[in-house]
>>> print(open('structure22.tsv').read())   # TSV, C-alpha atoms (C1' of nucleotides)
chain	number	residue	atom	x	y	z
A	9	MET	CA	-3.60	-8.10	31.39
A	10	GLN	CA	-2.79	-11.56	32.79
A	11	LYS	CA	-5.46	-12.92	30.47
A	12	THR	CA	-3.80	-11.24	27.49
A	13	LYS	CA	-0.48	-12.84	28.43
A	14	GLU	CA	-2.04	-16.30	28.56
A	15	TYR	CA	-3.80	-15.59	25.29
A	16	LEU	CA	-0.50	-14.93	23.54
A	17	LEU	CA	1.24	-17.91	25.17
A	18	LYS	CA	-1.59	-20.17	24.02
A	19	TYR	CA	-0.76	-19.18	20.43
A	20	GLY	CA	2.97	-19.68	20.93
A	21	ILE	CA	3.91	-16.00	21.11
A	22	ARG	CA	6.37	-14.67	23.67
A	23	PRO	CA	4.55	-11.97	25.60
A	24	SER	CA	6.71	-8.87	25.47
A	25	VAL	CA	5.39	-5.59	26.87
A	26	GLN	CA	4.71	-4.28	23.36
A	27	ARG	CA	3.00	-7.43	22.14
A	28	MET	CA	0.75	-7.51	25.18
A	29	ALA	CA	-0.21	-3.89	24.68
A	30	VAL	CA	-1.12	-4.49	21.04
A	31	MET	CA	-3.00	-7.71	21.76
A	32	HIS	CA	-4.89	-6.10	24.61
A	33	TYR	CA	-5.79	-3.20	22.36
A	34	LEU	CA	-7.17	-5.49	19.67
A	35	LEU	CA	-9.14	-7.55	22.20
A	36	THR	CA	-10.80	-4.45	23.60
A	37	HIS	CA	-11.27	-2.48	20.35
A	38	ARG	CA	-13.31	-4.47	17.89
A	39	THR	CA	-13.27	-1.64	15.36
A	40	HIS	CA	-10.94	-3.20	12.75
A	41	PRO	CA	-8.30	-0.54	13.39
A	42	THR	CA	-5.53	0.42	10.98
A	43	VAL	CA	-1.86	0.49	11.96
A	44	ASP	CA	-2.04	4.26	12.37
A	45	GLU	CA	-5.08	4.08	14.62
A	46	ILE	CA	-3.43	1.51	16.87
A	47	TYR	CA	-0.25	3.56	16.93
A	48	SER	CA	-1.98	6.82	17.84
A	49	ASP	CA	-4.02	5.20	20.59
A	50	LEU	CA	-1.12	3.36	22.21
A	51	HIS	CA	1.34	6.21	21.89
A	52	GLY	CA	0.03	7.99	24.99
A	53	ASP	CA	0.90	5.14	27.36
A	54	MET	CA	3.91	3.87	25.38
A	55	PRO	CA	5.73	6.86	23.89
A	56	THR	CA	8.66	4.72	22.75
A	57	LEU	CA	6.57	2.29	20.70
A	58	SER	CA	7.75	2.35	17.12
A	59	LYS	CA	5.79	1.78	13.93
A	60	THR	CA	8.21	-0.93	12.88
A	61	THR	CA	7.44	-2.87	16.05
A	62	LEU	CA	3.75	-2.50	15.34
A	63	TYR	CA	4.15	-3.84	11.82
A	64	ASN	CA	6.33	-6.70	13.08
A	65	THR	CA	3.91	-7.53	15.86
A	66	LEU	CA	0.81	-7.48	13.68
A	67	LYS	CA	2.51	-9.61	11.07
A	68	LEU	CA	3.49	-12.11	13.74
A	69	PHE	CA	-0.06	-12.23	15.10
A	70	TYR	CA	-1.35	-12.84	11.60
A	71	GLU	CA	1.14	-15.63	10.94
A	72	LYS	CA	0.31	-17.31	14.24
A	73	ASN	CA	-3.41	-16.96	13.49
A	74	VAL	CA	-4.14	-14.86	16.57
A	75	THR	CA	-5.68	-12.10	14.49
A	76	LEU	CA	-6.99	-11.51	11.00
A	77	MET	CA	-5.44	-9.07	8.58
A	78	LEU	CA	-8.22	-7.57	6.46
A	79	THR	CA	-7.65	-6.39	2.91
A	80	ILE	CA	-11.10	-4.82	2.56
A	81	ASP	CA	-9.61	-1.32	2.68
A	82	GLU	CA	-7.41	-0.50	-0.30
A	83	GLN	CA	-5.52	2.15	1.63
A	84	ASN	CA	-4.55	0.37	4.84
A	85	ALA	CA	-4.41	-3.08	6.31
A	86	ARG	CA	-6.89	-3.54	9.14
A	87	PHE	CA	-6.72	-5.96	12.05
A	88	ASP	CA	-9.30	-8.04	13.84
A	89	ALA	CA	-8.96	-10.15	16.96
A	90	CYS	CA	-12.15	-12.06	16.10
A	91	VAL	CA	-11.02	-15.11	14.14
A	92	GLU	CA	-14.47	-16.70	13.86
A	93	PRO	CA	-15.73	-16.94	10.27
A	94	HIS	CA	-17.43	-13.65	9.49
A	95	ALA	CA	-17.75	-11.21	6.62
A	96	HIS	CA	-17.09	-7.45	6.54
A	97	PHE	CA	-18.82	-4.41	5.13
A	98	GLN	CA	-17.03	-1.14	4.54
A	99	CYS	CA	-18.92	2.11	4.10
A	100	GLU	CA	-17.64	3.99	1.07
A	101	VAL	CA	-18.47	7.32	2.72
A	102	CYS	CA	-17.22	7.13	6.32
A	103	GLY	CA	-14.81	4.22	5.86
A	104	LYS	CA	-16.09	2.37	8.90
A	105	VAL	CA	-15.94	-1.43	8.79
A	106	TYR	CA	-18.88	-3.48	10.11
A	107	ASP	CA	-19.03	-7.19	10.94
A	108	ILE	CA	-21.50	-9.48	9.23
A	109	MET	CA	-22.04	-12.72	11.11
A	110	ALA	CA	-23.58	-15.97	9.91
A	111	ASP	CA	-27.00	-15.16	11.38
A	112	GLU	CA	-27.33	-12.27	8.92
A	113	LEU	CA	-25.88	-14.26	6.02
A	114	PRO	CA	-26.72	-17.96	6.21
A	115	GLU	CA	-24.56	-18.78	3.17
A	116	LEU	CA	-21.51	-17.51	5.03
A	117	ASN	CA	-20.41	-20.78	6.60
A	118	GLY	CA	-20.55	-22.47	3.21
A	119	VAL	CA	-17.88	-20.20	1.74
A	120	TYR	CA	-15.52	-20.58	4.70
A	121	ARG	CA	-13.88	-23.79	3.58
A	122	LYS	CA	-10.58	-25.59	3.75
A	123	GLN	CA	-10.80	-26.56	0.09
A	124	VAL	CA	-12.45	-25.39	-3.13
A	125	GLY	CA	-12.04	-27.77	-6.07
A	126	ASP	CA	-8.37	-28.74	-5.96
A	127	LEU	CA	-7.34	-25.53	-4.22
A	128	MET	CA	-6.29	-25.76	-0.57
A	129	ILE	CA	-7.44	-22.67	1.33
A	130	SER	CA	-5.54	-20.98	4.15
A	131	ASP	CA	-7.50	-17.70	4.29
A	132	VAL	CA	-10.98	-16.55	3.27
A	133	GLN	CA	-12.25	-13.00	3.10
A	134	LEU	CA	-15.74	-11.95	2.15
A	135	ASN	CA	-15.89	-8.19	1.67
A	136	TYR	CA	-18.92	-6.05	1.00
A	137	ARG	CA	-18.95	-2.39	0.10
A	138	GLY	CA	-21.72	0.18	0.10
A	139	VAL	CA	-23.05	3.11	2.07
A	140	CYS	CA	-23.92	2.45	5.70
A	141	PRO	CA	-27.37	3.41	7.05
A	142	ILE	CA	-25.95	6.34	9.03
A	143	CYS	CA	-24.29	7.91	5.97
A	144	GLN	CA	-27.35	7.17	3.82
A	145	LYS	CA	-29.43	9.20	6.24
A	146	LYS	CA	-26.96	12.08	6.18
A	147	GLU	CA	-26.89	12.06	2.37
A	148	THR	CA	-30.66	12.17	2.20
A	149	ILE	CA	-30.74	15.25	4.44
A	150	THR	CA	-27.94	16.96	2.47
A	151	ASN	CA	-29.65	16.40	-0.85
A	152	GLN	CA	-32.86	18.15	0.19
B	18	MET	CA	-11.28	-2.85	-32.07
B	19	GLN	CA	-14.68	-1.68	-33.34
B	20	LYS	CA	-16.22	-4.06	-30.81
B	21	THR	CA	-14.19	-2.50	-28.01
B	22	LYS	CA	-15.42	0.94	-29.03
B	23	GLU	CA	-19.04	-0.17	-28.88
B	24	TYR	CA	-18.36	-1.87	-25.57
B	25	LEU	CA	-17.19	1.41	-24.03
B	26	LEU	CA	-20.02	3.43	-25.56
B	27	LYS	CA	-22.53	0.95	-24.15
B	28	TYR	CA	-21.25	1.81	-20.67
B	29	GLY	CA	-21.31	5.55	-21.34
B	30	ILE	CA	-17.56	6.00	-21.74
B	31	ARG	CA	-16.09	8.16	-24.52
B	32	PRO	CA	-13.73	5.93	-26.46
B	33	SER	CA	-10.39	7.70	-26.63
B	34	VAL	CA	-7.41	5.91	-28.14
B	35	GLN	CA	-5.98	5.21	-24.69
B	36	ARG	CA	-9.24	3.97	-23.21
B	37	MET	CA	-9.78	1.63	-26.12
B	38	ALA	CA	-6.28	0.22	-25.76
B	39	VAL	CA	-6.77	-0.44	-22.06
B	40	MET	CA	-10.25	-1.93	-22.51
B	41	HIS	CA	-9.06	-4.13	-25.35
B	42	TYR	CA	-6.16	-5.28	-23.22
B	43	LEU	CA	-8.44	-6.25	-20.35
B	44	LEU	CA	-10.87	-8.03	-22.65
B	45	THR	CA	-8.10	-10.15	-24.13
B	46	HIS	CA	-6.00	-10.72	-20.99
B	47	ARG	CA	-8.07	-12.40	-18.32
B	48	THR	CA	-5.11	-12.61	-15.95
B	49	HIS	CA	-6.21	-10.00	-13.37
B	50	PRO	CA	-3.30	-7.75	-14.29
B	51	THR	CA	-1.85	-5.02	-12.08
B	52	VAL	CA	-1.37	-1.43	-13.25
B	53	ASP	CA	2.31	-2.11	-13.85
B	54	GLU	CA	1.61	-5.19	-15.93
B	55	ILE	CA	-0.87	-3.33	-18.12
B	56	TYR	CA	1.55	-0.43	-18.44
B	57	SER	CA	4.51	-2.61	-19.44
B	58	ASP	CA	2.49	-4.55	-22.00
B	59	LEU	CA	0.92	-1.49	-23.64
B	60	HIS	CA	4.06	0.60	-23.59
B	61	GLY	CA	5.50	-1.04	-26.71
B	62	ASP	CA	2.64	0.06	-28.98
B	63	MET	CA	1.89	3.29	-27.08
B	64	PRO	CA	5.15	4.79	-25.85
B	65	THR	CA	3.46	8.01	-24.76
B	66	LEU	CA	0.93	6.33	-22.47
B	67	SER	CA	1.35	7.63	-18.95
B	68	LYS	CA	0.73	5.89	-15.65
B	69	THR	CA	-1.59	8.70	-14.58
B	70	THR	CA	-3.80	8.04	-17.59
B	71	LEU	CA	-3.84	4.37	-16.72
B	72	TYR	CA	-4.92	5.09	-13.17
B	73	ASN	CA	-7.55	7.56	-14.36
B	74	THR	CA	-8.86	5.14	-16.96
B	75	LEU	CA	-9.06	2.17	-14.65
B	76	LYS	CA	-10.79	4.23	-12.00
B	77	LEU	CA	-13.31	5.41	-14.59
B	78	PHE	CA	-13.94	1.84	-15.75
B	79	TYR	CA	-14.50	0.78	-12.17
B	80	GLU	CA	-16.91	3.64	-11.48
B	81	LYS	CA	-18.89	2.88	-14.64
B	82	ASN	CA	-18.97	-0.80	-13.73
B	83	VAL	CA	-17.15	-1.93	-16.87
B	84	THR	CA	-14.48	-3.71	-14.88
B	85	LEU	CA	-13.85	-4.94	-11.37
B	86	MET	CA	-11.09	-3.62	-9.17
B	87	LEU	CA	-9.85	-6.46	-7.00
B	88	THR	CA	-8.39	-5.90	-3.54
B	89	ILE	CA	-7.24	-9.50	-3.09
B	90	ASP	CA	-3.60	-8.46	-3.48
B	91	GLU	CA	-2.34	-6.24	-0.67
B	92	GLN	CA	0.42	-4.81	-2.83
B	93	ASN	CA	-1.40	-3.76	-6.02
B	94	ALA	CA	-4.90	-3.26	-7.29
B	95	ARG	CA	-5.83	-5.79	-9.97
B	96	PHE	CA	-8.39	-5.43	-12.75
B	97	ASP	CA	-10.87	-7.81	-14.28
B	98	ALA	CA	-13.13	-7.33	-17.30
B	99	CYS	CA	-15.35	-10.21	-16.18
B	100	VAL	CA	-18.12	-8.63	-14.13
B	101	GLU	CA	-20.11	-11.83	-13.60
B	102	PRO	CA	-20.27	-12.90	-9.95
B	103	HIS	CA	-17.18	-14.97	-9.26
B	104	ALA	CA	-14.64	-15.46	-6.49
B	105	HIS	CA	-10.84	-15.28	-6.64
B	106	PHE	CA	-7.96	-17.31	-5.29
B	107	GLN	CA	-4.46	-15.92	-4.96
B	108	CYS	CA	-1.46	-18.19	-4.58
B	109	GLU	CA	0.75	-17.01	-1.72
B	110	VAL	CA	3.85	-18.32	-3.48
B	111	CYS	CA	3.61	-17.24	-7.13
B	112	GLY	CA	1.04	-14.46	-6.66
B	113	LYS	CA	-1.12	-15.65	-9.55
B	114	VAL	CA	-4.86	-15.02	-9.24
B	115	TYR	CA	-7.32	-17.73	-10.29
B	116	ASP	CA	-11.05	-17.45	-10.92
B	117	ILE	CA	-13.55	-19.51	-8.98
B	118	MET	CA	-16.94	-19.74	-10.65
B	119	ALA	CA	-20.27	-20.79	-9.20
B	120	ASP	CA	-19.98	-24.37	-10.52
B	121	GLU	CA	-17.02	-24.92	-8.19
B	122	LEU	CA	-18.63	-23.11	-5.28
B	123	PRO	CA	-22.42	-23.49	-5.21
B	124	GLU	CA	-22.78	-21.09	-2.27
B	125	LEU	CA	-21.27	-18.31	-4.37
B	126	ASN	CA	-24.47	-16.89	-5.83
B	127	GLY	CA	-25.96	-16.66	-2.35
B	128	VAL	CA	-23.30	-14.24	-1.14
B	129	TYR	CA	-23.55	-11.99	-4.21
B	130	ARG	CA	-26.47	-9.91	-3.04
B	131	LYS	CA	-27.84	-6.41	-3.30
B	132	GLN	CA	-28.63	-6.32	0.39
B	133	VAL	CA	-27.50	-7.95	3.66
B	134	GLY	CA	-29.64	-7.10	6.66
B	135	ASP	CA	-30.15	-3.34	6.41
B	136	LEU	CA	-26.93	-2.80	4.45
B	137	MET	CA	-27.25	-1.93	0.75
B	138	ILE	CA	-24.43	-3.56	-1.21
B	139	SER	CA	-22.68	-2.04	-4.22
B	140	ASP	CA	-19.68	-4.38	-4.40
B	141	VAL	CA	-18.92	-7.93	-3.24
B	142	GLN	CA	-15.54	-9.62	-3.19
B	143	LEU	CA	-14.86	-13.16	-2.11
B	144	ASN	CA	-11.14	-13.77	-1.80
B	145	TYR	CA	-9.35	-17.01	-1.07
B	146	ARG	CA	-5.68	-17.44	-0.36
B	147	GLY	CA	-3.49	-20.52	-0.34
B	148	VAL	CA	-0.85	-22.31	-2.37
B	149	CYS	CA	-1.82	-23.26	-5.92
B	150	PRO	CA	-1.39	-26.87	-7.13
B	151	ILE	CA	1.59	-25.92	-9.31
B	152	CYS	CA	3.52	-24.33	-6.43
B	153	GLN	CA	2.54	-27.17	-4.09
B	154	LYS	CA	4.16	-29.61	-6.49
B	155	LYS	CA	7.33	-27.52	-6.70
B	156	GLU	CA	7.53	-27.27	-2.91
B	157	THR	CA	7.19	-31.03	-2.53
B	158	ILE	CA	10.09	-31.59	-4.93
B	159	THR	CA	12.25	-28.96	-3.20
B	160	ASN	CA	11.71	-30.46	0.25
B	161	GLN	CA	12.94	-33.91	-0.69
C	28	DA	C1'	-11.18	26.40	-39.04
C	29	DT	C1'	-12.17	28.02	-34.42
C	30	DC	C1'	-13.19	27.54	-29.77
C	31	DA	C1'	-14.47	25.27	-25.52
C	32	DA	C1'	-14.45	21.12	-23.07
C	33	DA	C1'	-12.43	16.85	-22.13
C	34	DT	C1'	-8.40	14.09	-21.89
C	35	DT	C1'	-3.61	13.06	-21.51
C	36	DT	C1'	0.93	13.76	-19.87
C	37	DG	C1'	5.08	14.36	-16.83
C	38	DT	C1'	6.60	15.70	-12.59
C	39	DA	C1'	6.29	16.11	-7.89
C	40	DA	C1'	4.03	14.94	-3.57
C	41	DT	C1'	1.97	11.68	-0.54
C	42	DT	C1'	1.54	7.60	2.01
C	43	DA	C1'	1.83	2.69	3.47
C	44	DT	C1'	5.10	-0.59	4.14
C	45	DT	C1'	9.72	-2.77	4.40
C	46	DA	C1'	14.87	-3.05	5.12
C	47	DC	C1'	18.39	-2.72	8.15
C	48	DA	C1'	21.66	-2.14	11.72
C	49	DA	C1'	22.33	-0.45	16.36
C	50	DA	C1'	20.48	-0.49	21.00
C	51	DA	C1'	17.88	-2.65	24.49
C	52	DT	C1'	15.92	-6.47	26.66
C	53	DG	C1'	15.42	-11.23	27.98
C	54	DT	C1'	17.32	-16.01	28.65
C	55	DT	C1'	20.67	-19.50	29.50
C	56	DT	C1'	24.63	-21.37	31.45
C	57	DG	C1'	28.85	-21.51	34.19
D	22	DC	C1'	25.45	-13.26	39.97
D	23	DA	C1'	27.74	-12.44	35.67
D	24	DA	C1'	29.08	-13.41	31.01
D	25	DA	C1'	27.47	-14.97	26.58
D	26	DC	C1'	23.96	-15.44	23.50
D	27	DA	C1'	19.43	-14.91	21.35
D	28	DT	C1'	15.42	-12.21	20.73
D	29	DT	C1'	13.02	-7.99	20.34
D	30	DT	C1'	12.64	-3.13	19.74
D	31	DT	C1'	13.79	1.19	17.76
D	32	DG	C1'	14.80	5.00	14.46
D	33	DT	C1'	16.09	6.11	10.10
D	34	DA	C1'	16.25	5.50	5.43
D	35	DA	C1'	14.60	3.15	1.30
D	36	DT	C1'	10.89	1.36	-1.58
D	37	DA	C1'	6.82	1.35	-4.04
D	38	DA	C1'	1.85	2.31	-5.09
D	39	DT	C1'	-1.08	5.92	-5.77
D	40	DT	C1'	-2.65	10.78	-6.17
D	41	DA	C1'	-2.33	15.90	-7.09
D	42	DC	C1'	-1.75	19.23	-10.29
D	43	DA	C1'	-0.97	22.26	-14.06
D	44	DA	C1'	0.54	22.47	-18.78
D	45	DA	C1'	-0.02	20.42	-23.29
D	46	DT	C1'	-2.75	17.88	-26.43
D	47	DT	C1'	-6.78	16.03	-28.45
D	48	DT	C1'	-11.65	15.90	-29.37
D	49	DG	C1'	-16.25	17.46	-30.69
D	50	DA	C1'	-19.44	21.04	-31.87
D	51	DT	C1'	-20.38	25.01	-34.37
>>> encode(input="structure22.tsv", output="structure tokens")
Amino acid sequence: MQKTKEYLLKYGIRPSVQRMAVMHYLLTHRTHPTVDEIYSDLHGDMPTLSKTTLYNTLKLFYEKNVTLMLTIDEQNARFDACVEPHAHFQCEVCGKVYDIMADELPELNGVYRKQVGDLMISDVQLNYRGVCPICQKKETITNQ
Amino acid sequence: MQKTKEYLLKYGIRPSVQRMAVMHYLLTHRTHPTVDEIYSDLHGDMPTLSKTTLYNTLKLFYEKNVTLMLTIDEQNARFDACVEPHAHFQCEVCGKVYDIMADELPELNGVYRKQVGDLMISDVQLNYRGVCPICQKKETITNQ
DNA sequence: ATCAAATTTGTAATTATTACAAAATGTTTG
DNA sequence: CAAACATTTTGTAATAATTACAAATTTGAT
């Protein structure tokens, strides 16, 4: 937890109890959770945590570039403590979001740029959609 | 309008009056409009058009691959009749969405793939965010 | 023209997110 | 340490996009 505190301070964020809990959660759950998922999971240890605080906190993290805010899912924003350039894949069946790193997609680094033509870039998101191998398998069995 | 009808038929969509109006709108307005924008613009000529029909129609178009449904904007879905591989840029200030074609971003074609690793891809979206040149100019003037 | 199927419509429900003001907590200064 | 001030959190209520649903309308085939 001391590490989480230093992590926040390094990004210029005052480490309140709530902020540390959220940051720690994101650092230890690399599942691209939604606001509701974070809320449900933290609620056990922090019954007083409010949704508004969560929204405020996640927005702050995003503005200070501590986390990413993914728009791959039309229904909910999703959050990611990994700020390295990487793409995402969402399964249309189970909804799970997978990471795609540069070793699987060599062109990836080329699209993560500061500038394209005369446009200055502050955020890049590369989103893939499809059916993940697990759900493909299940569908094959069902359709027999 | 006859062309729009054939366009829909080509994609296996029955050309009702409403569907033709929406398709024609998208073919002649390459501005990545939201549902509300389409609704407002069509409402003059079609006062009975309902939002539900719009949502149904746009979902159908998306499923039949006649149009793209963009998730670049967190607030609203946006629609695009250009189904060629291309990226998008949204200005954080004015909200306008620009196209980025392969000539401006040579790596673009490389990320539009049918497969990445063992993942089968059905949809790719490459979204950039930043401040567009027009808004940058305005901000410079304001901050003097 | 009739009938069945497909489509459209309006209303109501759902759900994610934001606004806001009061309460709580943390920080600074005398 | 205590008073004064700033920041953060909280709960509730408002907003806004999207979906559910059943009745009404339109379409296409016979």
>>> interface_residues(input="structure22.tsv", of="chain D", to="chain B", cutoff="10 Å", atoms="all atoms listed in the file", output="PyMOL selection string")
chain D and resi 37-40+47-48
>>> closest_residue(input="structure22.tsv", among="C:DA51, C:DA28, C:DA40, C:DA33", to="chain B", atoms="only C-alpha atoms (C1' of nucleotides)")
C:DA33
>>> closest_residue(input="structure22.tsv", among="A:Leu134, A:Met9, A:Leu34, A:Leu17", to="A:Lys72", atoms="all atoms listed in the file")
A:Leu17
>>> atom_distance(input="structure22.tsv", atom1="atom CA of B:Met40", atom2="atom C1' of C:DT41")
28.6 Å
>>> axis_aligned_box(input="structure22.tsv", around="stretch 32-37 of chain D", padding_each_side="3 Å", output="JSON")
{"center_x": 11.5, "center_y": 3.7, "center_z": 5.2, "size_x": 15.4, "size_y": 10.8, "size_z": 24.5}
>>> closest_residue(input="structure22.tsv", among="B:Glu101, B:Glu80, B:Asp58, B:Asp135", to="chain A", atoms="all atoms listed in the file")
B:Asp135
>>> closest_residue(input="structure22.tsv", among="A:Met109, A:Arg86, A:Ile80, A:Cys102", to="chain B", atoms="all atoms listed in the file")
A:Ile80
>>> closest_atom_pairs(input="structure22.tsv", of="chain B", to="chain A", cutoff="7 Å", atoms="all atoms listed in the file", output="tab-separated table")
residue	atom	partner	partner_atom	distance
B:Thr88	CA	A:Glu82	CA	6.4
B:Ile89	CA	A:Thr79	CA	6.8
B:Glu91	CA	A:Thr79	CA	6.4
B:Glu121	CA	A:Gly125	CA	6.1
B:Leu122	CA	A:Val124	CA	6.9
B:Glu124	CA	A:Gly118	CA	6.1
B:Gly127	CA	A:Glu115	CA	6.1
B:Val128	CA	A:Glu115	CA	6.4
B:Val133	CA	A:Glu112	CA	6.8
B:Gly134	CA	A:Glu112	CA	6.1
B:Leu136	CA	A:Cys140	CA	6.2
B:Met137	CA	A:Gly138	CA	6.0
B:Ile138	CA	A:Gly138	CA	4.8
B:Ser139	CA	A:Gly138	CA	5.0
B:Asp140	CA	A:Arg137	CA	5.0
B:Val141	CA	A:Tyr136	CA	4.6
B:Gln142	CA	A:Asn135	CA	5.1
B:Leu143	CA	A:Leu134	CA	4.5
B:Asn144	CA	A:Gln133	CA	5.1
B:Tyr145	CA	A:Val132	CA	4.7
B:Arg146	CA	A:Asp131	CA	5.0
B:Gly147	CA	A:Ile129	CA	4.8
B:Val148	CA	A:Met128	CA	6.7
B:Cys149	CA	A:Leu127	CA	6.2
B:Pro150	CA	A:Leu127	CA	6.8
>>> closest_residue(input="structure22.tsv", among="B:Thr48, B:Asn73, B:Asn82, B:Thr157", to="chain C", atoms="only C-alpha atoms (C1' of nucleotides)")
B:Asn73
>>> closest_residue(input="structure22.tsv", among="C:DC30, C:DA43, C:DT52, C:DT36", to="A:Lys59", atoms="all atoms listed in the file")
C:DA43
>>> atom_distance(input="structure22.tsv", atom1="atom CA of B:Leu77", atom2="atom CA of B:Gly29")
10.5 Å
>>> residues_near_point(input="structure22.tsv", point="(6.1, -0.3, 17.4)", cutoff="12 Å", atoms="only C-alpha atoms (C1' of nucleotides)", output="PyMOL selection string")
(chain A and resi 24-30+43-44+46-51+54-67) or (chain D and resi 29-32)
>>> interface_residues(input="structure22.tsv", of="chain C", to="chain A", cutoff="9 Å", atoms="only C-alpha atoms (C1' of nucleotides)", output="list in words")
DT42, DA43, DT44 and DT45 of chain C
>>> atom_distance(input="structure22.tsv", atom1="atom CA of A:Thr75", atom2="atom CA of A:Ala89")
4.5 Å
>>> residues_near_point(input="structure22.tsv", point="(-2.3, 22.5, -11.4)", cutoff="12 Å", atoms="all atoms listed in the file", output="ChimeraX atom specification")
/C:38-39 /D:41-44
>>> residues_around(input="structure22.tsv", residues="D:DA25", least_positions_apart="2", cutoff="12 Å", atoms="only C-alpha atoms (C1' of nucleotides)", output="compact mmCIF listing (two decimals) with C-alpha atoms (C1' of nucleotides), keeping the file's coordinate frame")
# COMPACT_ATOMS: atom_id res chain seq x y z
C1' DT C 54 17.32 -16.01 28.65
C1' DT C 55 20.67 -19.50 29.50
C1' DT C 56 24.63 -21.37 31.45
C1' DG C 57 28.85 -21.51 34.19
C1' DA D 23 27.74 -12.44 35.67
C1' DA D 27 19.43 -14.91 21.35
>>> decode(input="structure22.tsv", residues="chain D", atoms="C-alpha atoms (C1' of nucleotides)", output="PDB file, in the first residue's frame")
ATOM      1  C1'  DC D  22      -3.519  22.852  20.235  1.00  0.00           C
ATOM      2  C1'  DA D  23      -7.266  25.270  18.107  1.00  0.00           C
ATOM      3  C1'  DA D  24      -9.447  28.116  14.706  1.00  0.00           C
ATOM      4  C1'  DA D  25      -9.871  29.000   9.835  1.00  0.00           C
ATOM      5  C1'  DC D  26      -9.657  27.438   5.412  1.00  0.00           C
ATOM      6  C1'  DA D  27      -9.315  24.258   1.516  1.00  0.00           C
ATOM      7  C1'  DT D  28     -10.048  19.777  -0.262  1.00  0.00           C
ATOM      8  C1'  DT D  29     -12.466  15.565  -0.612  1.00  0.00           C
ATOM      9  C1'  DT D  30     -16.310  12.577   0.057  1.00  0.00           C
ATOM     10  C1'  DT D  31     -21.064  11.441   0.228  1.00  0.00           C
ATOM     11  C1'  DG D  32     -26.048  10.852  -0.901  1.00  0.00           C
ATOM     12  C1'  DT D  33     -29.627  12.359  -3.498  1.00  0.00           C
ATOM     13  C1'  DA D  34     -31.609  14.096  -7.404  1.00  0.00           C
ATOM     14  C1'  DA D  35     -31.266  15.335 -12.264  1.00  0.00           C
ATOM     15  C1'  DT D  36     -29.873  14.343 -16.987  1.00  0.00           C
ATOM     16  C1'  DA D  37     -29.461  11.910 -21.063  1.00  0.00           C
ATOM     17  C1'  DA D  38     -28.704   7.847 -24.163  1.00  0.00           C
ATOM     18  C1'  DT D  39     -30.599   3.665 -25.191  1.00  0.00           C
ATOM     19  C1'  DT D  40     -33.844  -0.286 -24.953  1.00  0.00           C
ATOM     20  C1'  DA D  41     -38.330  -2.812 -24.112  1.00  0.00           C
ATOM     21  C1'  DC D  42     -42.722  -3.463 -25.510  1.00  0.00           C
ATOM     22  C1'  DA D  43     -47.258  -3.644 -27.357  1.00  0.00           C
ATOM     23  C1'  DA D  44     -50.437  -1.342 -30.390  1.00  0.00           C
ATOM     24  C1'  DA D  45     -50.954   0.647 -34.925  1.00  0.00           C
ATOM     25  C1'  DT D  46     -49.516   0.922 -39.580  1.00  0.00           C
ATOM     26  C1'  DT D  47     -47.511  -0.523 -43.781  1.00  0.00           C
ATOM     27  C1'  DT D  48     -45.898  -3.898 -47.021  1.00  0.00           C
ATOM     28  C1'  DG D  49     -45.886  -7.969 -49.987  1.00  0.00           C
ATOM     29  C1'  DA D  50     -47.907 -12.191 -51.564  1.00  0.00           C
ATOM     30  C1'  DT D  51     -51.807 -14.567 -52.979  1.00  0.00           C
TER      31       DT D  51
END
